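Below: run03.txt (compact mmCIF, C-alpha atoms)
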# COMPACT_ATOMS: atom_id res chain seq x y z
CA MET A 1 -28.12 -99.75 65.56
CA SER A 2 -26.84 -96.19 65.67
CA LEU A 3 -27.90 -93.68 68.30
CA LEU A 4 -29.69 -91.69 65.57
CA ALA A 5 -31.75 -94.66 64.37
CA GLY A 6 -32.52 -95.74 67.94
CA ALA A 7 -33.73 -92.29 68.87
CA PHE A 8 -35.97 -92.24 65.81
CA LEU A 9 -37.64 -95.51 66.83
CA ASN A 10 -38.37 -94.03 70.24
CA LEU A 11 -39.94 -90.96 68.61
CA SER A 12 -41.91 -92.88 65.99
CA ALA A 13 -44.91 -93.33 68.26
CA THR A 14 -45.96 -89.78 67.42
CA MET A 15 -45.41 -89.57 63.68
CA ALA A 16 -47.31 -88.44 60.69
CA GLU A 17 -46.59 -87.50 57.14
CA PRO A 18 -48.34 -86.46 53.96
CA ASP A 19 -49.70 -86.99 50.23
CA PHE A 20 -50.52 -87.44 46.53
CA THR A 21 -50.49 -85.73 43.06
CA ASN A 22 -50.58 -85.80 39.29
CA PRO A 23 -48.26 -84.48 36.56
CA GLU A 24 -48.30 -81.32 34.45
CA LEU A 25 -49.61 -79.16 37.25
CA SER A 26 -50.46 -75.53 36.83
CA ALA A 27 -48.21 -73.55 39.17
CA ASP A 28 -51.00 -71.04 39.77
CA ALA A 29 -53.48 -73.76 40.60
CA ILE A 30 -51.28 -75.50 43.13
CA LYS A 31 -50.36 -72.26 44.82
CA ARG A 32 -54.07 -71.63 45.29
CA GLU A 33 -54.37 -74.81 47.30
CA PRO A 34 -53.93 -73.20 50.73
CA SER A 35 -56.90 -70.92 50.05
CA PRO A 36 -59.70 -71.66 52.53
CA VAL A 37 -62.30 -70.57 49.98
CA ALA A 38 -63.80 -73.44 48.06
CA GLY A 39 -63.78 -73.11 44.29
CA PRO A 40 -66.42 -74.24 41.82
CA SER A 41 -67.41 -77.86 41.92
CA CYS A 42 -65.60 -80.25 39.64
CA VAL A 43 -68.73 -82.33 39.15
CA PRO A 44 -70.22 -82.01 35.67
CA VAL A 45 -73.62 -80.35 35.60
CA GLU A 46 -76.34 -82.43 33.99
CA GLN A 47 -78.09 -80.47 31.25
CA PRO A 48 -81.85 -81.12 30.77
CA PRO A 49 -82.79 -82.68 27.44
CA PRO A 50 -84.41 -80.36 24.86
CA VAL A 51 -88.19 -80.29 24.85
CA ALA A 52 -89.70 -81.34 21.56
CA GLY A 53 -92.04 -78.79 19.94
CA PRO A 54 -94.24 -78.64 16.86
CA SER A 55 -91.42 -77.37 14.69
CA CYS A 56 -88.99 -80.12 15.71
CA VAL A 57 -87.65 -82.20 12.85
CA GLU A 58 -85.72 -85.41 12.95
CA GLN A 59 -82.08 -84.62 13.72
CA PRO A 60 -79.03 -86.60 12.60
CA PRO A 61 -77.07 -88.45 15.31
CA PRO A 62 -75.28 -85.96 17.58
CA ILE A 63 -71.57 -85.49 17.37
CA LYS A 64 -69.75 -87.25 20.17
CA ASP A 65 -68.90 -84.51 22.66
CA GLU A 66 -66.74 -86.36 25.14
CA VAL A 67 -63.43 -84.68 25.85
CA PRO A 68 -60.46 -87.07 26.15
CA ASP A 69 -58.94 -87.26 29.66
CA GLY A 70 -55.48 -85.85 30.09
CA ASP A 71 -55.41 -83.53 27.07
CA PHE A 72 -55.74 -80.01 28.42
CA ASP A 73 -53.64 -78.13 25.89
CA GLU A 74 -56.66 -76.54 24.23
CA PHE A 75 -58.10 -75.02 27.39
CA ASP A 76 -57.77 -71.53 28.75
CA GLU A 77 -55.53 -70.81 31.72
CA ASP A 78 -58.47 -69.87 33.90
CA GLY A 79 -59.68 -73.46 33.68
CA TYR A 80 -56.98 -74.36 36.18
CA SER A 81 -58.74 -72.65 39.06
CA SER A 82 -61.15 -75.50 39.68
CA LEU A 83 -61.01 -77.05 43.15
CA GLU A 84 -62.52 -80.22 44.56
CA GLY A 85 -64.92 -79.98 47.46
CA GLU A 86 -63.78 -80.51 51.03
CA PRO A 87 -63.34 -84.09 52.29
CA SER A 88 -66.40 -85.17 54.20
CA VAL A 89 -66.06 -86.31 57.80
CA ASP A 90 -67.41 -89.75 58.63
CA PRO A 91 -69.71 -89.20 61.66
CA MET A 92 -68.96 -92.76 62.80
CA VAL A 93 -65.23 -92.01 63.23
CA PRO A 94 -64.53 -91.32 66.92
CA SER A 95 -62.67 -88.18 67.92
CA ILE A 96 -58.92 -88.53 67.47
CA PRO A 97 -56.85 -88.72 70.69
CA ALA A 98 -54.63 -85.70 71.26
CA ASP A 99 -51.45 -87.81 71.19
CA GLN A 100 -52.29 -88.91 67.64
CA LEU A 101 -52.58 -85.36 66.29
CA PRO A 102 -49.57 -83.45 64.88
CA LYS A 103 -47.77 -81.28 67.42
CA PRO A 104 -48.84 -77.62 67.08
CA GLU A 105 -46.37 -74.91 66.19
CA SER A 106 -44.40 -73.79 69.23
CA LYS A 107 -41.12 -72.17 70.31
CA THR A 108 -39.99 -75.29 72.16
CA ARG A 109 -36.22 -75.70 71.92
CA LEU A 110 -34.77 -79.00 70.78
CA ARG A 111 -31.27 -78.04 71.95
CA ASP A 112 -30.54 -75.97 75.06
CA MET A 113 -26.75 -75.73 74.89
CA PRO A 114 -25.30 -72.74 72.98
CA TYR A 115 -22.73 -73.32 70.23
CA SER A 116 -19.06 -72.40 70.48
CA VAL A 117 -16.54 -71.56 67.76
CA GLU A 118 -15.07 -75.06 68.22
CA ASP A 119 -18.45 -76.54 67.22
CA LEU A 120 -18.01 -75.02 63.74
CA GLY A 121 -15.01 -77.22 62.92
CA ALA A 122 -15.00 -80.80 61.73
CA GLY A 123 -16.72 -83.03 64.29
CA VAL A 124 -16.72 -86.76 64.98
CA VAL A 125 -16.73 -88.87 61.82
CA ASP A 126 -19.71 -91.16 61.28
CA GLY A 127 -18.35 -94.71 61.25
CA ARG A 128 -20.94 -95.77 58.67
CA CYS A 129 -19.27 -93.57 56.06
CA SER A 130 -16.21 -94.39 53.97
CA GLY A 131 -13.05 -92.50 54.84
CA ASP A 132 -13.10 -90.39 51.68
CA TRP A 133 -16.75 -89.29 51.96
CA PRO A 134 -16.69 -85.46 52.29
CA LEU A 135 -19.79 -85.40 54.53
CA ALA A 136 -18.63 -88.08 56.97
CA HIS A 137 -18.19 -85.47 59.74
CA LEU A 138 -21.77 -84.22 59.32
CA TRP A 139 -25.00 -85.95 60.37
CA PRO A 140 -28.13 -85.72 58.15
CA VAL A 141 -31.84 -86.02 58.73
CA TYR A 142 -34.44 -86.28 55.97
CA VAL A 143 -37.05 -83.50 56.12
CA GLY A 144 -40.22 -83.68 54.02
CA ASN A 145 -43.33 -81.55 53.45
CA PHE A 146 -41.48 -78.37 54.40
CA ARG A 147 -43.48 -75.27 53.48
CA CYS A 148 -41.74 -72.02 52.50
CA ALA A 149 -42.39 -69.06 50.21
CA ASP A 150 -40.39 -70.24 47.19
CA ALA A 151 -37.51 -72.45 46.04
CA ALA A 152 -34.91 -69.68 46.36
CA GLN A 153 -35.77 -69.25 50.04
CA CYS A 154 -35.76 -72.94 50.94
CA PHE A 155 -32.22 -73.28 52.38
CA SER A 156 -32.58 -70.08 54.39
CA ALA A 157 -36.04 -71.15 55.63
CA ILE A 158 -34.71 -74.57 56.71
CA ARG A 159 -31.86 -72.91 58.63
CA HIS A 160 -34.17 -70.38 60.32
CA TYR A 161 -36.66 -73.10 61.29
CA PHE A 162 -34.11 -75.30 63.05
CA ALA A 163 -32.30 -72.26 64.48
CA SER A 164 -35.59 -71.30 66.13
CA LYS A 165 -35.36 -74.69 67.87
CA GLY A 166 -31.76 -74.10 68.95
CA LEU A 167 -30.15 -76.24 66.22
CA LEU A 168 -27.51 -75.00 63.77
CA VAL A 169 -27.89 -76.40 60.24
CA ARG A 170 -24.54 -76.85 58.53
CA TRP A 171 -25.69 -77.80 55.01
CA PHE A 172 -28.82 -78.67 53.04
CA PHE A 173 -29.20 -80.71 49.86
CA GLN A 174 -32.29 -81.00 47.64
CA LEU A 175 -32.70 -83.64 44.96
CA LYS A 176 -34.01 -81.72 41.94
CA ASP A 177 -35.64 -84.60 40.12
CA ASP A 178 -38.93 -84.86 38.21
CA TYR A 179 -40.97 -84.74 41.41
CA TYR A 180 -39.23 -81.54 42.47
CA PHE A 181 -40.17 -79.77 39.23
CA GLN A 182 -43.60 -81.39 38.74
CA PHE A 183 -44.88 -80.72 42.23
CA GLN A 184 -42.59 -79.34 44.92
CA LYS A 185 -41.44 -76.17 43.18
CA LYS A 186 -45.00 -75.36 42.14
CA ALA A 187 -46.59 -76.12 45.51
CA ASN A 188 -43.66 -74.74 47.57
CA LEU A 189 -43.59 -77.94 49.63
CA TYR A 190 -40.04 -79.30 49.68
CA ASP A 191 -37.94 -82.18 50.97
CA GLY A 192 -34.20 -82.64 51.38
CA LEU A 193 -31.30 -83.78 53.56
CA VAL A 194 -30.48 -81.39 56.41
CA TYR A 195 -26.96 -81.76 57.81
CA PHE A 196 -25.91 -81.01 61.40
CA GLY A 197 -22.48 -80.87 63.00
CA SER A 198 -22.99 -83.70 65.50
CA GLU A 199 -24.94 -86.90 65.96
CA GLN A 200 -26.61 -85.42 69.02
CA ASP A 201 -27.94 -82.48 66.99
CA ALA A 202 -29.36 -84.86 64.39
CA VAL A 203 -31.02 -86.94 67.13
CA GLN A 204 -32.59 -83.83 68.62
CA ALA A 205 -33.78 -82.67 65.19
CA LEU A 206 -35.95 -85.80 65.00
CA GLY A 207 -38.09 -84.19 67.68
CA ALA A 208 -39.52 -81.90 64.98
CA ASP A 209 -41.20 -84.88 63.28
CA HIS A 210 -45.01 -84.85 63.20
CA SER A 211 -45.09 -81.17 64.11
CA ILE A 212 -46.73 -78.29 62.26
CA HIS A 213 -44.75 -75.63 60.38
CA ASN A 214 -46.53 -72.98 58.30
CA GLY A 215 -49.68 -75.10 58.49
CA TYR A 216 -48.17 -78.35 57.14
CA THR A 217 -47.09 -81.50 58.97
CA LEU A 218 -43.33 -82.00 58.91
CA ASN A 219 -41.70 -85.38 58.32
CA VAL A 220 -38.29 -85.79 59.90
CA PHE A 221 -36.44 -89.13 59.61
CA PRO A 222 -32.81 -90.24 59.78
CA GLY A 223 -30.87 -89.24 56.67
CA ARG A 224 -28.56 -92.25 56.40
CA ASP A 225 -30.61 -95.16 57.79
CA PRO A 226 -33.76 -96.18 55.87
CA VAL A 227 -36.94 -96.37 57.95
CA TYR A 228 -39.67 -98.74 56.77
CA PHE A 229 -43.45 -98.98 57.01
CA PRO A 230 -44.67 -101.82 59.27
CA PRO A 231 -46.58 -104.12 56.86
CA ASP A 232 -49.42 -105.03 59.25
CA ARG A 233 -50.36 -101.41 60.08
CA SER A 234 -49.74 -99.78 56.70
CA ALA A 235 -51.33 -99.45 53.28
CA MET A 236 -50.11 -98.25 49.92
CA PHE A 237 -52.34 -95.83 48.02
CA ARG A 238 -52.56 -94.43 44.54
CA ASN A 239 -54.48 -91.51 43.14
CA ILE A 240 -57.48 -93.04 41.40
CA ARG A 241 -59.20 -89.75 40.55
CA SER A 242 -57.85 -88.95 37.11
CA GLY A 243 -56.65 -85.38 36.74
CA TYR A 244 -56.53 -84.46 40.44
CA VAL A 245 -53.57 -83.17 42.43
CA TYR A 246 -53.36 -84.10 46.09
CA SER A 247 -51.01 -82.30 48.43
CA GLU A 248 -49.59 -84.26 51.33
CA GLU A 249 -51.66 -82.35 53.87
CA PHE A 250 -54.89 -82.96 51.95
CA PHE A 251 -54.20 -86.68 51.82
CA THR A 252 -53.47 -86.75 55.56
CA ARG A 253 -56.66 -84.89 56.42
CA ALA A 254 -58.78 -86.94 54.03
CA LEU A 255 -57.64 -90.18 55.70
CA MET A 256 -58.09 -88.74 59.19
CA SER A 257 -61.63 -87.56 58.40
CA ARG A 258 -62.69 -91.10 57.52
CA HIS A 259 -60.41 -93.44 59.47
CA GLY A 260 -59.19 -91.61 62.57
CA GLY A 261 -55.61 -90.96 63.60
CA VAL A 262 -52.88 -91.47 61.02
CA ARG A 263 -49.35 -92.01 62.34
CA CYS A 264 -47.47 -91.40 59.12
CA VAL A 265 -48.33 -90.53 55.50
CA VAL A 266 -45.67 -90.40 52.80
CA LYS A 267 -45.75 -89.50 49.13
CA PHE A 268 -43.23 -91.25 46.88
CA ASP A 269 -43.96 -89.40 43.64
CA ILE A 270 -46.80 -87.55 41.91
CA LYS A 271 -49.15 -90.56 41.97
CA ASN A 272 -48.26 -92.99 44.76
CA GLY A 273 -47.96 -92.92 48.52
CA ALA A 274 -48.46 -94.90 51.71
CA ALA A 275 -49.84 -94.45 55.21
CA GLU A 276 -49.10 -96.00 58.58
CA PHE A 277 -51.94 -96.32 61.09
CA TYR A 278 -51.98 -96.75 64.84
CA SER A 279 -53.37 -100.30 64.95
CA VAL A 280 -53.79 -103.39 62.80
CA ALA A 281 -57.58 -103.14 63.15
CA GLN A 282 -57.53 -99.56 61.88
CA ALA A 283 -55.46 -100.55 58.83
CA GLN A 284 -57.81 -103.44 58.06
CA GLY A 285 -60.78 -101.07 58.24
CA VAL A 286 -59.15 -98.88 55.61
CA PHE A 287 -59.06 -101.77 53.13
CA SER A 288 -62.80 -102.38 53.56
CA LYS A 289 -64.01 -98.75 53.70
CA GLU A 290 -61.69 -96.50 51.69
CA ARG A 291 -63.21 -95.47 48.36
CA GLN A 292 -61.45 -92.30 47.24
CA PHE A 293 -57.94 -93.75 47.24
CA GLN A 294 -57.31 -97.34 46.31
CA PRO A 295 -55.42 -99.09 49.14
CA SER A 296 -53.21 -102.13 48.58
CA LEU A 297 -51.22 -104.32 50.94
CA VAL A 298 -47.63 -103.50 51.73
CA GLY A 299 -47.00 -107.25 52.09
CA HIS A 300 -43.38 -108.25 52.53
CA GLU A 301 -42.11 -105.35 50.45
CA ALA A 302 -39.52 -103.15 52.20
CA LEU A 303 -41.34 -99.85 51.81
CA GLN A 304 -39.04 -96.97 52.75
CA LYS A 305 -40.53 -93.87 54.36
CA GLN A 306 -37.86 -91.45 53.15
CA ARG A 307 -38.10 -90.53 49.49
CA TYR A 308 -34.32 -90.95 49.51
CA VAL A 309 -31.45 -91.32 51.98
CA GLU A 310 -27.87 -90.19 51.48
CA ALA A 311 -26.74 -93.48 49.94
CA ASN A 312 -29.38 -93.15 47.18
CA ILE A 313 -28.11 -89.79 45.90
CA LYS A 314 -24.35 -89.73 46.52
CA GLU A 315 -23.56 -88.93 42.90
CA GLN A 316 -25.87 -85.89 42.90
CA ILE A 317 -24.42 -84.70 46.23
CA LEU A 318 -20.87 -84.86 44.87
CA LYS A 319 -21.92 -82.84 41.84
CA GLY A 320 -23.46 -80.22 44.12
CA LEU A 321 -20.28 -79.98 46.19
CA ALA A 322 -18.18 -79.68 43.03
CA VAL A 323 -20.17 -76.59 42.02
CA ASP A 324 -19.57 -74.97 45.44
CA PRO A 325 -16.45 -76.45 47.10
CA ASN A 326 -16.73 -74.07 50.07
CA ALA A 327 -20.31 -75.01 50.88
CA LEU A 328 -19.34 -76.99 53.99
CA LEU A 329 -17.16 -74.27 55.52
CA MET A 330 -18.65 -72.25 58.37
CA THR A 331 -17.09 -69.49 60.45
CA GLU A 332 -18.19 -67.42 63.42
CA ASN A 333 -19.32 -64.75 60.93
CA ASP A 334 -22.13 -66.99 59.70
CA PRO A 335 -25.31 -64.87 60.12
CA ILE A 336 -27.41 -67.67 61.63
CA TYR A 337 -24.63 -68.63 64.05
CA ARG A 338 -24.32 -64.99 65.14
CA LYS A 339 -28.07 -64.70 65.69
CA MET A 340 -28.02 -67.84 67.81
CA GLN A 341 -25.43 -66.28 70.14
CA SER A 342 -27.91 -63.60 71.14
CA ALA A 343 -30.48 -63.96 73.90
CA GLU A 344 -33.32 -64.51 71.41
CA LEU A 345 -33.26 -67.27 68.82
CA PRO A 346 -34.09 -66.45 65.17
CA GLU A 347 -37.75 -66.63 64.16
CA PRO A 348 -38.79 -69.13 61.46
CA LEU A 349 -39.65 -67.60 58.08
CA ARG A 350 -43.40 -67.47 57.64
CA CYS A 351 -45.59 -67.89 54.57
CA PRO A 352 -49.31 -68.60 54.06
CA GLY A 353 -50.50 -72.10 54.94
CA PRO A 354 -53.79 -73.99 54.67
CA PRO A 355 -56.82 -73.39 56.91
CA GLN A 356 -56.81 -74.87 60.39
CA ARG A 357 -57.32 -78.58 60.75
CA ARG A 358 -60.82 -79.82 61.30
CA HIS A 359 -59.42 -82.46 63.66
CA GLY A 360 -57.32 -80.19 65.81
CA GLY A 361 -59.97 -77.79 67.05
CA GLY A 362 -60.17 -75.98 63.70
CA ASP A 363 -62.98 -76.21 61.19
CA GLY A 364 -61.05 -75.84 57.93
CA SER A 365 -59.84 -78.25 55.33
CA ILE A 366 -57.65 -77.93 52.29
CA GLN A 367 -58.63 -79.14 48.88
CA PRO A 368 -56.99 -81.06 46.05
CA VAL A 369 -56.34 -79.16 42.84
CA ARG A 370 -56.99 -80.44 39.36
CA ARG A 371 -54.04 -80.55 37.01
CA GLY A 372 -56.47 -79.22 34.41
CA PRO A 373 -59.95 -77.71 34.19
CA SER A 374 -63.03 -79.39 35.63
CA LYS A 375 -65.13 -81.73 33.53
CA TYR A 376 -67.84 -79.10 33.34
CA SER A 377 -65.50 -76.35 32.13
CA GLN A 378 -63.99 -78.80 29.63
CA LYS A 379 -67.44 -79.50 28.22
CA VAL A 380 -68.30 -75.80 27.97
CA LYS A 381 -65.04 -75.13 26.12
CA PHE A 382 -65.55 -78.11 23.86
CA ASN A 383 -69.13 -77.11 22.95
CA ASN A 384 -68.02 -73.55 22.21
CA LYS A 385 -65.44 -74.95 19.81
CA LEU A 386 -68.14 -76.98 17.99
CA LYS A 387 -70.37 -73.89 17.74
CA LYS A 388 -67.50 -71.92 16.23
CA MET A 389 -66.94 -74.65 13.62
CA ARG A 390 -70.65 -74.55 12.73
CA ARG A 391 -70.63 -70.74 12.33
CA LEU A 392 -67.62 -70.89 10.00
CA ILE A 393 -69.21 -73.64 7.90
CA GLU A 394 -72.53 -71.79 7.60
CA ARG A 395 -70.76 -68.55 6.66
CA ASP A 396 -68.65 -70.20 3.94
CA LEU A 397 -71.67 -72.01 2.46
CA ALA A 398 -73.75 -68.83 2.51
CA GLU A 399 -70.94 -67.01 0.63
CA GLY A 400 -70.56 -69.80 -1.92
CA ARG A 401 -67.25 -71.17 -0.62
CA GLU A 402 -66.32 -74.74 0.19
CA PRO A 403 -65.66 -74.94 3.97
CA HIS A 404 -62.26 -76.30 5.02
CA PRO A 405 -60.93 -76.94 8.54
CA ASN A 406 -57.89 -75.11 9.84
CA ARG A 407 -54.81 -76.90 8.51
CA HIS A 408 -53.22 -76.80 12.00
CA CYS A 409 -56.07 -78.54 13.82
CA SER A 410 -55.89 -82.17 14.96
CA GLN A 411 -57.16 -85.15 12.99
CA GLN A 412 -59.97 -85.54 15.52
CA ASP A 413 -61.06 -81.92 14.96
CA LYS A 414 -60.95 -82.41 11.19
CA LYS A 415 -63.25 -85.39 11.60
CA ARG A 416 -65.65 -83.33 13.75
CA PHE A 417 -65.51 -80.52 11.17
CA ARG A 418 -66.62 -82.94 8.42
CA GLN A 419 -69.45 -84.28 10.62
CA ILE A 420 -70.76 -80.78 11.28
CA TYR A 421 -70.40 -79.93 7.57
CA ASN A 422 -72.55 -82.92 6.60
CA GLN A 423 -75.13 -82.06 9.26
CA VAL A 424 -75.41 -78.45 8.08
CA LYS A 425 -75.76 -79.49 4.43
CA GLN A 426 -78.50 -81.97 5.36
CA GLN A 427 -80.38 -79.47 7.54
CA ARG A 428 -80.16 -76.55 5.07
CA LYS A 429 -80.56 -78.69 1.92
CA TRP A 430 -77.32 -77.27 0.51
Can the structure in the file be given as C-alpha cells, please?
Amino acid sequence: MSLLAGAFLNLSATMAEPDFTNPELSADAIKREPSPVAGPSCVPVEQPPPVAGPSCVEQPPPIKDEVPDGDFDEFDEDGYSSLEGEPSVDPMVPSIPADQLPKPESKTRLRDMPYSVEDLGAGVVDGRCSGDWPLAHLWPVYVGNFRCADAAQCFSAIRHYFASKGLLVRWFFQLKDDYYFQFQKKANLYDGLVYFGSEQDAVQALGADHSIHNGYTLNVFPGRDPVYFPPDRSAMFRNIRSGYVYSEEFFTRALMSRHGGVRCVVKFDIKNGAAEFYSVAQAQGVFSKERQFQPSLVGHEALQKQRYVEANIKEQILKGLAVDPNALLMTENDPIYRKMQSAELPEPLRCPGPPQRRHGGGDGSIQPVRRGPSKYSQKVKFNNKLKKMRRLIERDLAEGREPHPNRHCSQQDKKRFRQIYNQVKQQRKW
C-alpha cells in the first residue's frame, strides 16, 4: 500500500461527504439554495369543495386536472423558486460528539516547510504510473463538494484554498460530464483531481478532508487509489422525492438530523449516493427508520467513494493536456508561488455559503430545491390554462364561430379543449 493510501486510512476516522439531485435544474433555483430564508411550501394546498346552493345544477364530470410529473416546459420561470421546508430534527437522536462533526474553517497549515525553486521541477516519479504517463511526477488527490463563485474561478479558488494551508497546487483537472453540467456548474459545487509536486504534499492535503470551506464539507481522497465504503457501516440511497434537487450538504444535514453523526456522504450522480456511518448499529437503524431517502444494502459491491480516480479518466486528461501543452510547467514567477514566499499565506477565495449547521452550534439548515415548480404552483398554472381555454370557447360561440384549439398545442391539450367545448355547449344549450 502506498504512503498516500496509508495516510488516508489513518485520516478516515474523521470523514464526511455530501449529496443528491435531479436533472434539468434551473440555474437560478440551485443558486438560491444557500439562502437561509425558507421559500413557499411545496405541499399542495387542499381547496375546500364548493358549497351547493339553490341555483346549483347537475354538472358534467370534471376535467382531470392532474399535471404530469416531470413536464415543466409550460411553466413560468418564477415557478422555480419553490423550496422544500427544513429537515426536522429527531428529538430522540442524541447530540453528535464533536469528533464526528466536520472540522470548522481555520487557518491551520497542512505544510510548514516553504517551497524552493527546485521544488518547481519534475519530482519523484510515482511507481504506479507507466513510464510514458505525463503526470507520473505529480501526485493527485480527489476533491469533492468544493464551493466557489463560478466555474471560471474554480482552478484559481482551488489553488488559493490549498495555498492558504501551505500547499502549492501544480495542476487541476475537472471532468466535464453530464453531472458537471446538470448540477455542479449550476450549484457552483465542484469536484476534480488536484495535483501536487510530491507524495508528501498529497498526503498532507488529505488533512483537509471533512473540513468546512465556504460553508460546505470538503471531501478529499487519494486521486489514484480507489477508496471503498465499508459494507457493514454503509448504505446506498436514491432520491425518492420526484422533482427535488438535493445538494450534498443538505443530504448530509438531513441524515445527521435523524440518525446522528455521519462519517462520509458521497453523491455519484444526480440521483444516487451513499453514506458511511460510525457504527454497524447506526447503519442498521437507518434501514429501519429512514423514510425520506430509500436506503439499500451495499452488500458485497465494491462501492467507490471517489466519483472518479485518475485511471478512470486518462483519455479526457490527455485531451486536456493536448489543448494546453504547457499546463504542467511552473516557474518562480507563478503568482501563487510568489505569494507563498511572503510572510503571509494567500487567503482562500470566499463566496456565499449556506446557513450555519444546526448540529455544530448553529441553528440554520439548507433546503433542497425543486427542479421545477411546486405541485401547488403547477396546479394554479394548469387551472389558469383551463380557464383561458373556456374563455376562448365562450367568446367564439358567442360570436358565431366554431372554436378550434391552437394548432401548436399538445394532443393532451386538444383533448382537454374538446372536453371543455362539450361542457360549455351542454351548459349554455348551444
Gap from CA of Lys339 (chain A) to CA of Gly197 (chain A) - Å, one decimal: 17.3 Å
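What separates CA of Ser198 (chain A) from CA of His137 (chain A) is a distance of 7.7 Å.
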Taking 6 positions as the minimum chain separation for residues in the same chain, which residues sit within 10 Å of Leu392 (chain A) when counting all atoms listed in the file? Answer as a list in words.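 Once the adjacent positions are removed, what remains is Ala398, Pro403, His404, Pro405, Phe417 and Tyr421 of chain A.
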So which residues fall inside 12 Å of (-75.2, -80.3, 0.8) if we count only C-alpha atoms? Mind giving them as JSON, numbers by chain? {"A": [393, 394, 397, 398, 400, 402, 403, 418, 420, 421, 422, 423, 424, 425, 426, 427, 428, 429, 430]}
Within 8 Å of Val141 (chain A), counting all atoms listed in the file, which residues show up once you throw out same-chain ones fewer than 2 positions away? Write them as a ChimeraX atom specification, please. /A:139,143,193-195,202,205-206,220-224
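Residue nearest Lys305 (chain A), chosen from A:Ala343, A:Ile336, A:Cys264, A:Leu138 and counting all atoms listed in the file: A:Cys264.
CA of Arg170 (chain A) is found 5.2 Å from CA of Phe196 (chain A).
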